[in-house]
$ cat query.cif   # mmCIF, C-alpha atoms
data_protein
loop_
_atom_site.label_atom_id
_atom_site.label_comp_id
_atom_site.auth_asym_id
_atom_site.auth_seq_id
_atom_site.Cartn_x
_atom_site.Cartn_y
_atom_site.Cartn_z
CA MET E 31 146.75 3.26 249.93
CA GLN E 32 143.22 3.00 251.31
CA LYS E 33 140.43 2.81 248.64
CA ASN E 34 137.21 4.86 248.90
CA THR E 35 134.42 2.24 248.64
CA LEU E 36 130.64 2.44 248.60
CA THR E 37 128.07 -0.13 249.45
CA LEU E 38 125.72 -1.19 246.70
CA TYR E 39 122.84 0.60 248.39
CA GLU E 40 124.94 3.80 248.67
CA LEU E 41 125.85 3.53 244.98
CA ASN E 42 122.26 2.95 243.93
CA SER E 43 121.13 5.86 246.09
CA LEU E 44 123.69 8.05 244.36
CA VAL E 45 122.35 6.96 240.97
CA ARG E 46 118.79 7.71 242.09
CA GLU E 47 119.78 11.19 243.29
CA VAL E 48 121.55 11.90 239.99
CA LEU E 49 118.55 10.75 237.96
CA GLU E 50 116.08 12.69 240.07
CA THR E 51 118.22 15.79 239.68
CA SER E 52 119.14 15.53 235.98
CA MET E 53 115.96 13.80 234.60
CA ASP E 54 113.16 15.44 236.55
CA SER E 55 110.93 15.89 233.46
CA ALA E 56 108.50 13.58 231.68
CA TYR E 57 109.41 12.29 228.21
CA TRP E 58 107.36 11.05 225.29
CA VAL E 59 109.01 7.87 224.00
CA GLU E 60 108.24 5.62 220.98
CA ALA E 61 108.75 1.90 221.60
CA GLU E 62 107.43 -1.56 220.82
CA ILE E 63 105.92 -3.71 223.54
CA SER E 64 107.55 -7.13 223.76
CA GLU E 65 105.60 -8.14 226.87
CA ALA E 66 102.63 -6.72 228.78
CA ARG E 67 101.00 -8.15 231.88
CA GLU E 68 98.62 -6.93 234.53
CA VAL E 69 99.29 -7.82 238.15
CA ARG E 70 96.96 -6.67 240.94
CA GLY E 71 95.77 -3.77 238.83
CA HIS E 72 99.28 -2.59 237.87
CA CYS E 73 100.53 -2.94 234.27
CA TYR E 74 104.10 -4.16 233.71
CA MET E 75 105.65 -3.74 230.29
CA GLU E 76 108.86 -4.69 228.56
CA LEU E 77 109.84 -2.15 225.89
CA ILE E 78 112.18 -2.73 222.95
CA GLN E 79 113.43 -0.91 219.89
CA LYS E 80 114.36 -3.05 216.90
CA ASP E 81 117.08 -2.38 214.39
CA LEU E 82 115.78 -1.09 211.05
CA PHE E 83 117.22 -4.01 209.07
CA SER E 84 117.16 -6.71 211.74
CA PRO E 85 114.68 -8.08 214.27
CA THR E 86 117.36 -7.89 216.95
CA PRO E 87 116.51 -5.23 219.60
CA VAL E 88 118.96 -2.38 219.88
CA ALA E 89 117.44 -1.14 223.16
CA ARG E 90 115.43 -2.63 226.03
CA ALA E 91 113.75 -1.18 229.11
CA SER E 92 111.12 -2.00 231.71
CA ALA E 93 108.10 0.20 232.26
CA LYS E 94 105.38 0.26 234.90
CA CYS E 95 101.98 1.89 235.04
CA TRP E 96 100.64 2.01 238.56
CA LYS E 97 97.06 0.99 239.24
CA SER E 98 95.90 4.53 239.98
CA THR E 99 96.98 5.63 236.51
CA TRP E 100 96.33 2.38 234.63
CA MET E 101 92.66 2.22 235.61
CA SER E 102 92.00 5.40 233.63
CA LEU E 103 94.49 4.84 230.77
CA ARG E 104 93.40 1.32 229.85
CA PRO E 105 89.72 2.02 228.97
CA LYS E 106 90.71 5.14 227.01
CA PHE E 107 93.31 3.17 225.04
CA GLU E 108 90.95 0.27 224.30
CA ARG E 109 88.08 2.54 223.30
CA THR E 110 90.26 4.40 220.85
CA THR E 111 92.25 1.52 219.35
CA GLY E 112 89.62 -1.20 219.71
CA GLN E 113 92.26 -3.52 221.16
CA PRO E 114 93.94 -4.19 224.49
CA LEU E 115 97.58 -3.39 225.06
CA ARG E 116 99.52 -6.41 223.84
CA ALA E 117 102.89 -7.61 222.65
CA GLY E 118 103.88 -6.45 219.19
CA MET E 119 102.17 -3.07 219.46
CA LYS E 120 104.01 0.15 218.88
CA VAL E 121 103.12 2.74 221.50
CA MET E 122 103.93 6.31 222.47
CA LEU E 123 104.26 6.63 226.25
CA LEU E 124 104.74 9.62 228.52
CA VAL E 125 107.27 8.34 231.05
CA THR E 126 109.35 9.56 233.96
CA ALA E 127 112.64 8.00 235.09
CA ASN E 128 112.59 5.97 238.28
CA PHE E 129 115.42 4.21 240.05
CA HIS E 130 114.86 2.15 243.15
CA GLU E 131 117.75 0.94 245.26
CA ALA E 132 116.30 -2.56 245.54
CA PHE E 133 114.52 -2.99 242.17
CA GLY E 134 116.70 -1.01 239.80
CA PHE E 135 115.73 1.30 236.96
CA SER E 136 112.36 1.49 235.21
CA TRP E 137 110.20 3.98 233.38
CA ILE E 138 106.96 5.03 235.07
CA VAL E 139 104.13 5.49 232.56
CA GLN E 140 102.10 8.63 233.09
CA ASP E 141 100.10 8.66 229.85
CA ILE E 142 99.59 6.80 226.54
CA ASP E 143 98.81 8.33 223.14
CA PRO E 144 96.39 5.80 221.55
CA THR E 145 96.33 7.71 218.24
CA TYR E 146 99.98 6.77 217.66
CA THR E 147 99.14 3.09 218.13
CA MET E 148 96.12 3.46 215.87
CA GLY E 149 98.34 4.93 213.18
CA ASP E 150 100.77 2.04 213.46
CA MET E 151 97.92 -0.48 213.41
CA ALA E 152 96.46 1.27 210.39
CA ARG E 153 99.83 1.15 208.64
CA LYS E 154 100.10 -2.57 209.37
CA ARG E 155 96.58 -3.17 208.08
CA LEU E 156 97.29 -1.18 204.92
CA GLU E 157 100.52 -3.13 204.41
CA ILE E 158 98.69 -6.45 204.76
CA ILE E 159 95.98 -5.27 202.36
CA ARG E 160 98.66 -4.12 199.90
CA GLN E 161 100.38 -7.52 200.03
CA LEU E 162 97.08 -9.34 199.51
CA LYS E 163 96.26 -7.19 196.49
CA GLU E 164 99.75 -7.64 195.05
CA GLN E 165 99.27 -11.40 195.31
CA GLY E 166 95.95 -11.02 193.49
CA ILE E 167 93.98 -12.80 196.21
CA PHE E 168 92.25 -9.92 198.01
CA ASP E 169 88.97 -10.39 196.09
CA MET E 170 89.22 -14.13 195.34
CA GLN E 171 86.53 -15.06 197.86
CA LYS E 172 84.17 -12.52 196.27
CA GLU E 173 84.41 -14.50 193.03
CA LEU E 174 82.81 -17.54 194.73
CA SER E 175 79.03 -17.86 194.86
CA ILE E 176 77.03 -18.99 197.85
CA PRO E 177 75.41 -22.27 196.70
CA MET E 178 71.66 -22.11 196.21
CA PHE E 179 71.11 -24.98 198.65
CA ALA E 180 73.73 -24.01 201.26
CA GLN E 181 72.68 -26.36 204.07
CA ARG E 182 75.91 -28.18 204.98
CA VAL E 183 77.71 -25.60 207.12
CA ALA E 184 81.23 -25.87 208.55
CA VAL E 185 81.39 -23.60 211.62
CA VAL E 186 84.64 -22.20 213.04
CA SER E 187 83.93 -20.94 216.55
CA SER E 188 84.62 -21.51 220.20
CA GLU E 189 82.74 -24.59 221.37
CA ASN E 190 81.36 -22.92 224.50
CA ALA E 191 80.66 -19.52 222.93
CA ALA E 192 77.15 -18.18 223.38
CA GLY E 193 77.25 -16.95 219.79
CA TYR E 194 77.70 -20.49 218.47
CA GLY E 195 74.69 -21.66 220.46
CA ASP E 196 72.60 -18.75 219.18
CA PHE E 197 73.71 -19.54 215.62
CA CYS E 198 72.68 -23.20 215.83
CA GLN E 199 69.40 -22.40 217.61
CA GLN E 200 68.39 -19.88 214.96
CA LEU E 201 69.21 -22.33 212.15
CA THR E 202 67.20 -25.08 213.84
CA ASN E 203 64.16 -22.96 214.72
CA ASN E 204 63.82 -21.05 211.47
CA ASP E 205 60.30 -20.02 210.42
CA TYR E 206 60.43 -21.98 207.16
CA GLY E 207 61.28 -25.35 208.67
CA PHE E 208 64.46 -25.58 206.56
CA LYS E 209 66.94 -28.26 207.55
CA PHE E 210 70.57 -27.27 208.09
CA TYR E 211 73.55 -29.46 208.97
CA PRO E 212 76.11 -27.41 210.95
CA LYS E 213 79.41 -29.04 211.92
CA LEU E 214 81.62 -27.34 214.52
CA PHE E 215 85.40 -27.08 214.08
CA PRO E 216 86.49 -25.62 217.44
CA ALA E 217 88.96 -22.74 217.49
CA ILE E 218 90.26 -20.11 219.90
CA MET E 219 88.56 -16.83 219.02
CA GLN E 220 90.39 -14.44 221.39
CA GLY E 221 93.99 -13.69 222.17
CA ASP E 222 97.27 -14.52 220.49
CA GLN E 223 96.19 -18.03 219.45
CA VAL E 224 93.41 -16.89 217.14
CA GLU E 225 95.53 -17.07 213.98
CA PRO E 226 97.03 -20.59 214.37
CA SER E 227 93.82 -22.01 215.84
CA VAL E 228 91.52 -20.73 213.07
CA ILE E 229 94.03 -21.75 210.36
CA ALA E 230 94.17 -25.27 211.84
CA SER E 231 90.34 -25.50 211.71
CA LEU E 232 90.30 -24.25 208.11
CA ASN E 233 92.89 -26.86 207.15
CA GLN E 234 90.74 -29.56 208.71
CA ILE E 235 87.66 -28.31 206.83
CA ASN E 236 89.64 -28.19 203.59
CA ARG E 237 90.36 -31.92 203.87
CA TRP E 238 86.57 -32.52 203.90
CA ALA E 239 85.63 -29.67 201.54
CA ASP E 240 83.34 -31.90 199.44
CA HIS E 241 81.12 -32.47 202.49
CA PHE E 242 80.27 -28.77 202.98
CA ASP E 243 78.62 -25.96 201.04
CA VAL E 244 79.86 -22.97 203.01
CA VAL E 245 82.12 -22.02 205.96
CA VAL E 246 81.01 -19.70 208.76
CA ILE E 247 83.53 -18.05 211.11
CA ILE E 248 81.67 -16.61 214.10
CA ARG E 249 82.66 -15.08 217.38
CA GLY E 250 80.15 -14.23 220.03
CA GLY E 251 80.50 -12.87 223.55
CA GLY E 252 84.04 -11.52 223.11
CA ALA E 253 85.18 -7.98 223.65
CA THR E 254 85.52 -5.62 220.72
CA ALA E 255 89.11 -5.06 221.85
CA ASP E 256 90.02 -8.65 220.96
CA MET E 257 89.81 -8.17 217.18
CA SER E 258 93.55 -8.03 216.55
CA GLY E 259 93.85 -11.76 215.95
CA PHE E 260 91.76 -11.39 212.80
CA ASP E 261 94.09 -8.78 211.27
CA THR E 262 97.00 -11.06 210.33
CA LEU E 263 98.46 -11.78 206.90
CA ALA E 264 98.63 -15.56 207.32
CA LEU E 265 94.96 -15.87 208.32
CA ALA E 266 93.86 -13.52 205.53
CA GLU E 267 95.82 -15.57 202.96
CA ASN E 268 94.21 -18.79 204.16
CA VAL E 269 90.71 -17.34 203.95
CA ALA E 270 91.30 -15.64 200.59
CA ASN E 271 92.56 -18.88 199.02
CA PHE E 272 89.92 -21.14 200.60
CA PRO E 273 87.90 -23.16 198.01
CA LEU E 274 84.53 -22.69 199.77
CA PRO E 275 82.76 -19.35 200.31
CA ILE E 276 83.38 -18.04 203.84
CA ILE E 277 80.91 -15.96 205.86
CA THR E 278 82.31 -13.99 208.81
CA GLY E 279 80.37 -12.78 211.83
CA ILE E 280 83.13 -11.82 214.25
CA GLY E 281 82.62 -8.12 215.08
CA HIS E 282 80.23 -5.28 215.50
CA GLU E 283 78.92 -2.78 212.97
CA ARG E 284 81.86 -0.36 213.23
CA ASP E 285 84.60 -3.01 213.42
CA GLU E 286 85.77 -4.50 210.14
CA SER E 287 88.79 -6.75 210.33
CA ILE E 288 90.98 -7.76 207.41
CA LEU E 289 89.36 -11.18 207.69
CA ASP E 290 86.00 -9.48 207.03
CA MET E 291 87.46 -7.70 204.01
CA VAL E 292 88.74 -10.85 202.27
CA SER E 293 85.80 -13.10 203.13
CA ASN E 294 82.97 -13.78 200.72
CA THR E 295 80.29 -12.23 202.93
CA ARG E 296 80.59 -10.22 206.12
CA VAL E 297 77.75 -9.98 208.66
CA LYS E 298 77.72 -8.39 212.11
CA THR E 299 76.93 -11.27 214.48
CA PRO E 300 76.52 -15.06 214.59
CA THR E 301 72.74 -14.67 214.52
CA ALA E 302 73.09 -12.45 211.45
CA ALA E 303 75.14 -15.24 209.82
CA ALA E 304 72.34 -17.71 210.56
CA ALA E 305 69.76 -15.25 209.22
CA PHE E 306 71.84 -14.84 206.04
CA LEU E 307 71.85 -18.60 205.40
CA ILE E 308 68.11 -18.83 206.12
CA ASP E 309 67.39 -15.88 203.82
CA ASN E 310 69.56 -17.45 201.11
CA LEU E 311 67.55 -20.68 201.25
CA ALA E 312 64.30 -18.72 201.49
CA GLY E 313 65.31 -16.83 198.35
CA VAL E 314 65.92 -20.13 196.59
CA TRP E 315 62.55 -21.42 197.81
CA THR E 316 60.84 -18.24 196.54
CA HIS E 317 62.67 -18.56 193.24
CA LEU E 318 61.55 -22.19 192.89
CA GLU E 319 57.98 -21.24 193.71
CA ASN E 320 58.11 -18.46 191.12
CA CYS E 321 59.54 -20.89 188.59
CA GLN E 322 56.79 -23.38 189.45
CA ASN E 323 54.14 -20.69 189.03
CA ARG E 324 55.63 -19.56 185.73
CA VAL E 325 55.79 -23.14 184.47
CA THR E 326 52.20 -23.77 185.56
CA THR E 327 51.00 -20.55 183.95
CA HIS E 328 52.91 -21.30 180.76
CA VAL E 329 51.54 -24.85 180.60
CA ASN E 330 47.98 -23.61 181.19
CA HIS E 331 48.32 -20.99 178.46
CA ARG E 332 49.83 -23.55 176.11
CA MET E 333 47.05 -26.04 176.84
CA GLU E 334 44.44 -23.35 176.19
CA ARG E 335 46.07 -22.51 172.87
CA GLU E 336 46.26 -26.18 171.93
CA HIS E 337 42.62 -26.74 172.89
CA SER E 338 41.63 -23.81 170.69
CA ARG E 339 43.74 -25.15 167.86
CA LEU E 340 42.20 -28.62 168.23
CA ASP E 341 38.71 -27.09 168.20
CA ARG E 342 39.53 -25.22 164.99
CA CYS E 343 40.95 -28.39 163.49
CA ALA E 344 37.85 -30.35 164.51
CA GLU E 345 35.64 -27.76 162.83
CA ARG E 346 37.64 -27.99 159.62
CA ILE E 347 37.82 -31.80 159.52
CA PRO E 348 34.39 -32.43 157.82
CA MET E 349 35.09 -29.83 155.15
CA LEU E 350 38.64 -31.08 154.67
CA PHE E 351 37.39 -34.67 154.56
CA SER E 352 34.84 -33.78 151.87
CA MET E 353 37.49 -32.01 149.83
CA VAL E 354 39.90 -34.89 150.22
CA LYS E 355 37.19 -37.40 149.37
CA THR E 356 36.26 -35.51 146.20
CA ARG E 357 39.89 -35.21 145.14
CA GLN E 358 40.56 -38.88 145.86
CA GLU E 359 37.45 -40.02 143.99
CA ALA E 360 38.51 -37.94 140.98
CA ARG E 361 41.99 -39.37 141.25
CA LEU E 362 40.61 -42.92 141.43
CA ASP E 363 38.47 -42.25 138.34
CA ARG E 364 41.53 -41.00 136.50
CA LEU E 365 43.51 -44.02 137.60
CA SER E 366 40.65 -46.37 136.60
CA ASN E 367 40.39 -44.83 133.15
CA SER E 368 44.14 -44.90 132.77
CA ILE E 369 44.28 -48.58 133.80
CA SER E 370 41.46 -49.52 131.37
CA SER E 371 43.19 -47.69 128.55
CA LEU E 372 46.52 -49.32 129.35
CA ILE E 373 44.91 -52.80 129.49
CA GLN E 374 43.14 -52.27 126.17
CA ASN E 375 46.33 -51.09 124.50
CA ARG E 376 48.26 -54.02 125.95
CA LEU E 377 45.61 -56.52 124.76
CA THR E 378 45.64 -55.02 121.26
CA ASP E 379 49.42 -55.27 121.11
CA GLN E 380 49.44 -58.86 122.33
CA LEU E 381 46.65 -59.88 119.90
CA HIS E 382 48.59 -58.44 116.98
CA ARG E 383 51.69 -60.28 118.16
CA LEU E 384 49.74 -63.56 118.35
CA GLN E 385 48.42 -63.05 114.83
CA LEU E 386 51.94 -62.52 113.58
CA ILE E 387 53.15 -65.62 115.42
CA SER E 388 50.18 -67.67 114.08
CA SER E 389 50.79 -66.64 110.49
CA SER E 390 54.47 -67.62 110.75
CA ILE E 391 53.93 -71.01 112.47
CA LYS E 392 52.50 -73.02 109.48
CA PRO E 393 55.31 -72.30 106.96
CA ASN E 394 57.87 -73.01 109.63
CA ILE E 395 56.24 -76.34 110.48
CA GLN E 396 56.09 -77.38 106.84
CA ARG E 397 59.76 -76.53 106.30
CA ARG E 398 60.69 -78.38 109.47
CA MET E 399 58.68 -81.51 108.43
CA MET E 400 60.29 -81.57 104.98
CA ASN E 401 63.73 -81.29 106.53
CA GLU E 402 63.00 -84.08 109.00
CA HIS E 403 61.52 -86.32 106.28
CA HIS E 404 64.62 -85.87 104.15
CA ARG E 405 66.83 -86.64 107.17
CA LEU E 406 64.84 -89.86 107.86
CA GLU E 407 65.29 -90.98 104.28
CA GLN E 408 69.03 -90.51 104.57
CA LEU E 409 69.09 -92.46 107.82
CA ASP E 410 67.09 -95.29 106.21
CA ILE E 411 69.59 -95.50 103.38
CA ARG E 412 72.47 -95.66 105.85
CA LEU E 413 70.71 -98.35 107.91
CA LYS E 414 70.11 -100.51 104.89
CA ALA E 415 73.75 -100.17 103.94
CA VAL E 416 74.83 -101.64 107.27
CA ASP E 417 72.02 -104.29 107.61
CA PRO E 418 73.64 -107.69 108.56
CA GLY E 419 70.89 -109.51 106.64
CA ILE E 420 72.27 -108.17 103.38
CA LEU E 421 75.72 -109.52 104.23
CA LEU E 422 74.24 -112.93 105.09
CA LYS E 423 72.49 -113.05 101.69
CA ARG E 424 75.89 -112.53 100.10
CA GLY E 425 77.18 -115.71 101.82
CA TYR E 426 78.72 -114.24 104.90
CA SER E 427 78.05 -115.54 108.43
CA ILE E 428 78.19 -113.99 111.93
CA THR E 429 79.52 -115.80 114.98
CA LEU E 430 77.99 -114.78 118.30
CA HIS E 431 79.12 -115.58 121.81
CA GLN E 432 76.71 -114.64 124.56
CA GLY E 433 74.81 -112.49 122.08
CA LYS E 434 77.87 -110.51 120.99
CA ALA E 435 79.74 -110.77 117.66
CA VAL E 436 83.09 -112.57 117.96
CA ARG E 437 85.80 -110.51 116.35
CA ASP E 438 88.86 -112.22 117.91
CA ALA E 439 89.17 -116.03 118.23
CA SER E 440 91.47 -115.67 121.24
CA GLN E 441 88.47 -114.39 123.19
CA LEU E 442 86.93 -117.90 123.06
CA HIS E 443 87.83 -120.75 125.39
CA PRO E 444 87.30 -124.47 125.14
CA GLY E 445 83.78 -125.35 126.13
CA ASP E 446 82.28 -121.96 125.16
CA GLU E 447 79.00 -122.21 123.25
CA ILE E 448 78.90 -120.11 120.13
CA GLU E 449 76.17 -119.41 117.54
CA THR E 450 76.87 -119.03 113.86
CA ARG E 451 74.16 -117.24 111.87
CA VAL E 452 73.79 -117.72 108.12
CA GLU E 453 71.19 -116.48 105.61
CA HIS E 454 68.82 -119.26 106.48
CA GLY E 455 69.08 -120.28 110.17
CA SER E 456 71.86 -120.59 112.75
CA ILE E 457 74.39 -123.26 113.87
CA GLN E 458 75.16 -123.99 117.56
CA SER E 459 78.75 -125.12 118.28
CA ILE E 460 81.07 -125.83 121.24
CA VAL E 461 84.67 -124.73 121.12
CA LYS E 462 87.22 -127.49 121.69
#
$ encode --input "query.cif" --output "structure tokens"
Amino acid sequence: MQKNTLTLYELNSLVREVLETSMDSAYWVEAEISEAREVRGHCYMELIQKDLFSPTPVARASAKCWKSTWMSLRPKFERTTGQPLRAGMKVMLLVTANFHEAFGFSWIVQDIDPTYTMGDMARKRLEIIRQLKEQGIFDMQKELSIPMFAQRVAVVSSENAAGYGDFCQQLTNNDYGFKFYPKLFPAIMQGDQVEPSVIASLNQINRWADHFDVVVIIRGGGATADMSGFDTLALAENVANFPLPIITGIGHERDESILDMVSNTRVKTPTAAAAFLIDNLAGVWTHLENCQNRVTTHVNHRMEREHSRLDRCAERIPMLFSMVKTRQEARLDRLSNSISSLIQNRLTDQLHRLQLISSSIKPNIQRRMMNEHHRLEQLDIRLKAVDPGILLKRGYSITLHQGKAVRDASQLHPGDEIETRVEHGSIQSIVK
């Protein structure tokens, strides 16, 4: 049996005819952009739809916006949303079906509703803000104070940005002659790499936090449409938790990013950031001058009061001296009279005591002399009783050896000379 076959081109042509017949209308479609690129004025997009509970896409499709249409849609979209079309955005597109035999199926974009994207961006911003507030860090930077002498400045910016040059030039050429010490930590300030690049610079600054007073994040020369990189949760968390006060100057008057919201101070431009630092130091200088003036005025007033007080004291000194002199002379007179009276009383007392002692001395001496005389008589009697002369008169003798009385004959040795005393004379003998 012979099969009916078609070539691939014939089959694709059949599909194109069916699509053109059955899908000849334009459709508004909600989708997320996974990729967007511009080639020779045409915009090529990859669209996806993610599962509600999973990041896995449940649908994919390609879409094209031809140059003739894209040239008018792009500026309208960027003016309204403030951002360029980029991956991760949710969009609402007016599309028509297109099938080409050689290139396959794609959706042709006829229009874009930027208000839908703005609503999704606003929802994302509100969700990030809600998370920051739930974590209790949304206002943490506001609790930090800009140091009075904020001169050591860590700058996060693109190295070649005109805004960075303007910032440094304004700091250097300030009208007050203040000295600032800016240090650049380069970062990408546009595109998808804003978040990781700025976070890396902040981490580097954090390691040297003691060397800086304040951090300035500035962006100059970029398009207003490139603000999306500053509306991320991770970057906002890093800024909110940073230990130094952060000043942002990354947008224009009407553009306030989440980074601006969580920073300590938000200014419009890099030059405005420089002016803020100069004004801060000028305020400190004015405050110091006011303090100096107040101190000088206070000291002058105090010196005037003290001079007046000294003058009054000087006027009172002669009178006070006279009063003191009179009082002291009277006091000395009283003391002199008191001393004389005390001396007289003491002399009278001592004279009476001497009279008493004198009257008692003579009887005491007489009694003492009688007692001593009686004691001498007793001693004389005792001496006479033991006088050797009396014993010699009775016929006794005393034998002496070397002037000492001999009481034991064994103490003598042959040849010793001894003396025997009798009543009348003495006998010399030699022991044999």
$ resolve_selection --input "query.cif" --expression "the PyMOL selection byres ((chain E and resi 421-432) around 8)" --output "list in words"
Asp417, Pro418, Gly419, Ile420, Gly433, Lys434, Ala435, Val436, Asp446, Glu447, Ile448, Glu449, Thr450, Arg451, Val452 and Glu453 of chain E
$ resolve_selection --input "query.cif" --expression "the PyMOL selection byres ((chain E and resi 262) around 10)" --output "ChimeraX atom specification"
/E:154-155,158-159,224-225,258-261,263-267,287-289
$ closest_residue --input "query.cif" --among "E:Leu214, E:Ala304, E:Met53, E:Val292" --to "E:Thr202" --atoms "all atoms listed in the file"
E:Ala304
$ atom_distance --input "query.cif" --atom1 "atom CA of E:Leu162" --atom2 "atom CA of E:Met148"
20.8 Å
$ residues_around --input "query.cif" --residues "E:Ile235" --least-positions-apart "4" --cutoff "12 Å" --atoms "all atoms listed in the file" --output "PDB file with C-alpha atoms, keeping the file's coordinate frame"
ATOM      1  CA  ARG E 182      75.910 -28.180 204.980  1.00  0.00           C
ATOM      2  CA  VAL E 183      77.710 -25.600 207.120  1.00  0.00           C
ATOM      3  CA  ALA E 184      81.230 -25.870 208.550  1.00  0.00           C
ATOM      4  CA  VAL E 185      81.390 -23.600 211.620  1.00  0.00           C
ATOM      5  CA  VAL E 186      84.640 -22.200 213.040  1.00  0.00           C
ATOM      6  CA  LYS E 213      79.410 -29.040 211.920  1.00  0.00           C
ATOM      7  CA  LEU E 214      81.620 -27.340 214.520  1.00  0.00           C
ATOM      8  CA  PHE E 215      85.400 -27.080 214.080  1.00  0.00           C
ATOM      9  CA  PRO E 216      86.490 -25.620 217.440  1.00  0.00           C
ATOM     10  CA  VAL E 228      91.520 -20.730 213.070  1.00  0.00           C
ATOM     11  CA  ILE E 229      94.030 -21.750 210.360  1.00  0.00           C
ATOM     12  CA  ALA E 230      94.170 -25.270 211.840  1.00  0.00           C
ATOM     13  CA  SER E 231      90.340 -25.500 211.710  1.00  0.00           C
ATOM     14  CA  ALA E 239      85.630 -29.670 201.540  1.00  0.00           C
ATOM     15  CA  ASP E 240      83.340 -31.900 199.440  1.00  0.00           C
ATOM     16  CA  HIS E 241      81.120 -32.470 202.490  1.00  0.00           C
ATOM     17  CA  PHE E 242      80.270 -28.770 202.980  1.00  0.00           C
ATOM     18  CA  ASP E 243      78.620 -25.960 201.040  1.00  0.00           C
ATOM     19  CA  VAL E 244      79.860 -22.970 203.010  1.00  0.00           C
ATOM     20  CA  VAL E 245      82.120 -22.020 205.960  1.00  0.00           C
ATOM     21  CA  VAL E 246      81.010 -19.700 208.760  1.00  0.00           C
ATOM     22  CA  ILE E 247      83.530 -18.050 211.110  1.00  0.00           C
ATOM     23  CA  ASN E 268      94.210 -18.790 204.160  1.00  0.00           C
ATOM     24  CA  VAL E 269      90.710 -17.340 203.950  1.00  0.00           C
ATOM     25  CA  PHE E 272      89.920 -21.140 200.600  1.00  0.00           C
ATOM     26  CA  PRO E 273      87.900 -23.160 198.010  1.00  0.00           C
ATOM     27  CA  LEU E 274      84.530 -22.690 199.770  1.00  0.00           C
ATOM     28  CA  ILE E 276      83.380 -18.040 203.840  1.00  0.00           C
TER      29      ILE E 276
END
$ resolve_selection --input "query.cif" --expression "the PyMOL selection byres ((chain E and resi 445) around 8)" --output "list of chain:residue names"
E:His443, E:Pro444, E:Asp446, E:Glu447, E:Ile460, E:Val461, E:Lys462
